[in-house]
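Q: This is the structure, below, for whatever I ask next.
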Amino acid sequence: MSEYDHEPIRGLPGDLPAGESILWQGSPDWRTFARSALHTRWVSGYFAVLALFGLASGKLFGAGAAVVGGAITQGLLAVFAIAVAKTTVYTITNRRVVLRIGVALNKCVNLPLAMIGSADLRPQGGGHGDIALTLTGRHRLGFAMLWPHARPWRLGQPSPMLRALPDAAAVAKVLAKACSAVVPNEAAALRSKAVPVRDHGLQGAAA
């Protein structure tokens, strides 16, 4: 029995309302996530420089410590990336985008399609990529709550991000088609609603 057995539908906090259907579901690729979100290449470079500096200075112990430290750090980042990939489910329906995120504390963020002003695709190589969502209107989605599923350096106006998606271009097309299908009167109604955020037994609101 797992902590997600309570989900009536994988990745969703409840059953789908009448007329709503799932268009796509997926999770981050952990290797791409580690490289793009956790910057493992930069971390490796940092410890490599420390090791080379130690060797150049004749400090073999320091060089060895840098190598060991780098290996431990990379291992911890890999474990975290795997945990994120296993616990994250992104869902696109014909009405909303849902992010089921959180390694230690699971939560679902519901984003009505009408609140998505734009979606920016950032390729990461090998067909993988990130999709950053810019929301219209006011909301109370915090950067810390979304991280690492948030666009970097957008602390004042956090942008949810679908990270390290396999076949990201195809996912972007699904999202674009879904957003374009939202009719104007439905869009106006959805923009006036809150964006609910649900934890295990806890409920908040982002409006």
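The way I read the labels, and the way they are meant: chains A, B, ... in the order of the structure tokens, residue 1 as the first residue of every chain, and ligand 1 as the first ligand shown, with later ones counted on from there.
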So which residues touch A:Gly70 within 9 Å, counting only C-alpha atoms, skipping near sequence neighbours fewer than 2 positions away, as number ranges by chain?
A: A: 43-44, 46-48, 65-68, 72-75
Q: Give me a file of those residues, with N, CA and C atoms, as an mmCIF file, in the first residue's frame.
A:
data_model
loop_
_atom_site.group_PDB
_atom_site.id
_atom_site.type_symbol
_atom_site.label_atom_id
_atom_site.label_comp_id
_atom_site.auth_asym_id
_atom_site.auth_seq_id
_atom_site.Cartn_x
_atom_site.Cartn_y
_atom_site.Cartn_z
ATOM 1 N N VAL A 43 27.726 21.058 -10.891
ATOM 2 C CA VAL A 43 28.229 20.529 -9.619
ATOM 3 C C VAL A 43 29.465 19.676 -9.854
ATOM 4 N N SER A 44 29.422 18.832 -10.882
ATOM 5 C CA SER A 44 30.596 18.008 -11.209
ATOM 6 C C SER A 44 31.788 18.879 -11.572
ATOM 7 N N TYR A 46 32.390 21.914 -10.577
ATOM 8 C CA TYR A 46 32.878 22.595 -9.379
ATOM 9 C C TYR A 46 33.831 21.694 -8.586
ATOM 10 N N PHE A 47 33.424 20.455 -8.357
ATOM 11 C CA PHE A 47 34.275 19.554 -7.588
ATOM 12 C C PHE A 47 35.508 19.141 -8.380
ATOM 13 N N ALA A 48 35.381 19.083 -9.710
ATOM 14 C CA ALA A 48 36.556 18.773 -10.533
ATOM 15 C C ALA A 48 37.601 19.876 -10.423
ATOM 16 N N ALA A 65 39.524 14.462 -1.109
ATOM 17 C CA ALA A 65 38.298 14.876 -0.431
ATOM 18 C C ALA A 65 37.309 15.502 -1.405
ATOM 19 N N ALA A 66 37.828 16.261 -2.377
ATOM 20 C CA ALA A 66 36.958 16.875 -3.383
ATOM 21 C C ALA A 66 36.299 15.813 -4.246
ATOM 22 N N VAL A 67 37.054 14.783 -4.621
ATOM 23 C CA VAL A 67 36.497 13.703 -5.435
ATOM 24 C C VAL A 67 35.404 12.961 -4.671
ATOM 25 N N VAL A 68 35.701 12.634 -3.408
ATOM 26 C CA VAL A 68 34.706 11.928 -2.587
ATOM 27 C C VAL A 68 33.476 12.802 -2.362
ATOM 28 N N ILE A 72 29.594 11.929 -3.505
ATOM 29 C CA ILE A 72 28.481 11.880 -2.554
ATOM 30 C C ILE A 72 27.382 12.866 -2.956
ATOM 31 N N THR A 73 27.801 14.074 -3.340
ATOM 32 C CA THR A 73 26.823 15.087 -3.735
ATOM 33 C C THR A 73 26.040 14.647 -4.965
ATOM 34 N N GLN A 74 26.741 14.100 -5.954
ATOM 35 C CA GLN A 74 26.065 13.632 -7.162
ATOM 36 C C GLN A 74 25.108 12.488 -6.842
ATOM 37 N N GLY A 75 25.516 11.619 -5.923
ATOM 38 C CA GLY A 75 24.639 10.524 -5.524
ATOM 39 C C GLY A 75 23.363 11.019 -4.870
#
Q: Could you pull out the strand (DSSP E) residues of chain A, going by DSSP on the backbone, and write them as a PyMOL selection string?
A: chain A and resi 22-26+89-93+96-101+107-112+116-125+128-135+161-165+195-199+203-206
Q: Mind giving me the straight-line distance from atom CA of A:Ala71 to atom CA of A:Leu50 in Å, one decimal?
A: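 Atom CA of A:Leu50 lies 12.9 Å from atom CA of A:Ala71.
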Q: Enumerate, in order of chain and increasing residue number, the residues of stretch 21-53 of chain A with an atom no farther than 9 Å from stretch 124-131 of chain A, each with its shortest atom pair and distance in Å to one decimal, counting only C-alpha atoms, as a tab-separated table.
A:
residue	atom	partner	partner_atom	distance
A:Asp29	CA	A:His128	CA	8.1
A:Thr32	CA	A:His128	CA	7.4
A:Ser36	CA	A:Gln124	CA	7.3
Q: Go ahead and write the selection's residues with N, CA and C atoms as a PDB file, in the first residue's frame.
A:
ATOM      1  N   ASP A  29      11.658  12.883 -16.716  1.00  0.00           N
ATOM      2  CA  ASP A  29      12.756  11.934 -16.861  1.00  0.00           C
ATOM      3  C   ASP A  29      13.827  12.319 -15.839  1.00  0.00           C
ATOM      4  N   THR A  32      17.296  13.765 -17.103  1.00  0.00           N
ATOM      5  CA  THR A  32      17.170  15.126 -17.640  1.00  0.00           C
ATOM      6  C   THR A  32      16.846  16.105 -16.530  1.00  0.00           C
ATOM      7  N   SER A  36      19.055  19.387 -15.742  1.00  0.00           N
ATOM      8  CA  SER A  36      18.498  20.708 -16.041  1.00  0.00           C
ATOM      9  C   SER A  36      18.009  21.450 -14.807  1.00  0.00           C
TER      10      SER A  36
END
Q: Measuring between only C-alpha atoms, which one of A:Leu133, A:Ala18, A:Ala170, A:Ala104 shows the shortest distance to A:Ser118?
A: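 The closest residue to A:Ser118 is A:Leu133.
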Q: Find the spatial neighbours of A:Leu175, counting only C-alpha atoms, within a cut-off of 10 Å - ignore same-chain residues fewer than 4 positions away - and output them as an mmCIF file with C-alpha atoms, in the first residue's frame.
A:
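Below is the file that was written, result_8.cif:
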data_model
loop_
_atom_site.group_PDB
_atom_site.id
_atom_site.type_symbol
_atom_site.label_atom_id
_atom_site.label_comp_id
_atom_site.auth_asym_id
_atom_site.auth_seq_id
_atom_site.Cartn_x
_atom_site.Cartn_y
_atom_site.Cartn_z
ATOM 1 C CA LEU A 23 -5.587 14.310 -22.813
ATOM 2 C CA TRP A 24 -2.089 13.477 -21.544
ATOM 3 C CA ILE A 92 -3.461 17.793 -19.035
ATOM 4 C CA THR A 93 -7.225 17.556 -19.426
ATOM 5 C CA ASN A 94 -9.587 19.453 -21.667
ATOM 6 C CA ARG A 96 -7.047 22.149 -16.659
ATOM 7 C CA VAL A 97 -3.441 21.261 -15.993
ATOM 8 C CA LEU A 113 -6.654 26.282 -18.889
ATOM 9 C CA ALA A 119 3.305 28.244 -22.329
ATOM 10 C CA ILE A 131 7.200 23.794 -20.401
ATOM 11 C CA ALA A 169 7.204 19.148 -28.296
ATOM 12 C CA ALA A 170 4.264 16.737 -28.598
ATOM 13 C CA VAL A 171 3.116 17.620 -25.081
ATOM 14 C CA CYS A 179 -6.017 25.920 -24.430
ATOM 15 C CA SER A 180 -7.258 27.066 -27.815
ATOM 16 C CA ALA A 181 -10.402 24.964 -27.391
#
Q: What gap, in Å, lies between atom CA of A:Ile9 and atom CA of A:Pro166?
A: 21.6 Å
Q: Got a sec: who's within 12 Å of A:Phe80, counting only C-alpha atoms, leaving out chain neighbours fewer than 2 positions off, as a ChimeraX atom specification?
A: /A:30-31,33-34,37-38,40,73-78,82-88,102-104,148
Q: Write the residues you've just listed into a file as a short mmCIF file (atom, residue, chain, number, x, y, z; two decimals), in the first residue's frame, and include N, CA and C atoms for each of them.
A:
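Output file out.cif follows:
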data_model
loop_
_atom_site.label_atom_id
_atom_site.label_comp_id
_atom_site.auth_asym_id
_atom_site.auth_seq_id
_atom_site.Cartn_x
_atom_site.Cartn_y
_atom_site.Cartn_z
N TRP A 30 14.18 11.40 -14.96
CA TRP A 30 15.01 11.79 -13.82
C TRP A 30 16.41 12.25 -14.24
N ARG A 31 16.97 11.66 -15.28
CA ARG A 31 18.32 12.07 -15.71
C ARG A 31 18.29 13.49 -16.27
N PHE A 33 16.01 15.69 -15.59
CA PHE A 33 15.67 16.55 -14.46
C PHE A 33 16.91 16.88 -13.64
N ALA A 34 17.73 15.87 -13.36
CA ALA A 34 18.94 16.10 -12.58
C ALA A 34 19.87 17.09 -13.28
N ALA A 37 17.44 20.75 -13.84
CA ALA A 37 16.88 21.40 -12.66
C ALA A 37 17.86 21.44 -11.49
N LEU A 38 18.68 20.40 -11.35
CA LEU A 38 19.62 20.32 -10.23
C LEU A 38 21.05 20.66 -10.65
N THR A 40 23.51 19.17 -12.28
CA THR A 40 24.53 18.21 -11.87
C THR A 40 25.85 18.39 -12.65
N THR A 73 27.80 14.07 -3.34
CA THR A 73 26.82 15.09 -3.73
C THR A 73 26.04 14.65 -4.96
N GLN A 74 26.74 14.10 -5.95
CA GLN A 74 26.06 13.63 -7.16
C GLN A 74 25.11 12.49 -6.84
N GLY A 75 25.52 11.62 -5.92
CA GLY A 75 24.64 10.52 -5.52
C GLY A 75 23.36 11.02 -4.87
N LEU A 76 23.50 12.01 -3.98
CA LEU A 76 22.33 12.57 -3.31
C LEU A 76 21.40 13.27 -4.30
N LEU A 77 21.98 14.00 -5.25
CA LEU A 77 21.16 14.67 -6.26
C LEU A 77 20.44 13.66 -7.14
N ALA A 78 21.11 12.55 -7.46
CA ALA A 78 20.47 11.51 -8.27
C ALA A 78 19.31 10.87 -7.52
N ILE A 82 15.41 10.95 -8.78
CA ILE A 82 14.61 9.74 -8.94
C ILE A 82 13.33 9.84 -8.12
N ALA A 83 13.44 10.37 -6.90
CA ALA A 83 12.27 10.51 -6.04
C ALA A 83 11.26 11.49 -6.66
N VAL A 84 11.76 12.58 -7.23
CA VAL A 84 10.88 13.54 -7.88
C VAL A 84 10.17 12.89 -9.07
N ALA A 85 10.91 12.14 -9.87
CA ALA A 85 10.31 11.50 -11.04
C ALA A 85 9.25 10.48 -10.65
N LYS A 86 9.46 9.77 -9.53
CA LYS A 86 8.52 8.74 -9.11
C LYS A 86 7.28 9.31 -8.46
N THR A 87 7.39 10.50 -7.86
CA THR A 87 6.24 11.06 -7.13
C THR A 87 5.50 12.13 -7.92
N THR A 88 6.03 12.55 -9.06
CA THR A 88 5.42 13.63 -9.84
C THR A 88 4.58 13.07 -10.98
N GLY A 102 5.62 16.94 -5.02
CA GLY A 102 6.00 16.86 -3.62
C GLY A 102 6.57 15.50 -3.27
N VAL A 103 7.82 15.48 -2.82
CA VAL A 103 8.45 14.23 -2.40
C VAL A 103 8.08 13.91 -0.96
N ALA A 104 8.25 14.87 -0.06
CA ALA A 104 7.93 14.64 1.35
C ALA A 104 6.46 14.89 1.64
N PRO A 148 10.69 22.01 -7.09
CA PRO A 148 11.47 22.47 -8.25
C PRO A 148 10.65 22.59 -9.54
#
Q: Would you work out the distance separating atom CA of A:Leu52 from atom CA of A:Arg35, expressed in Å to one decimal?
A: 22.4 Å
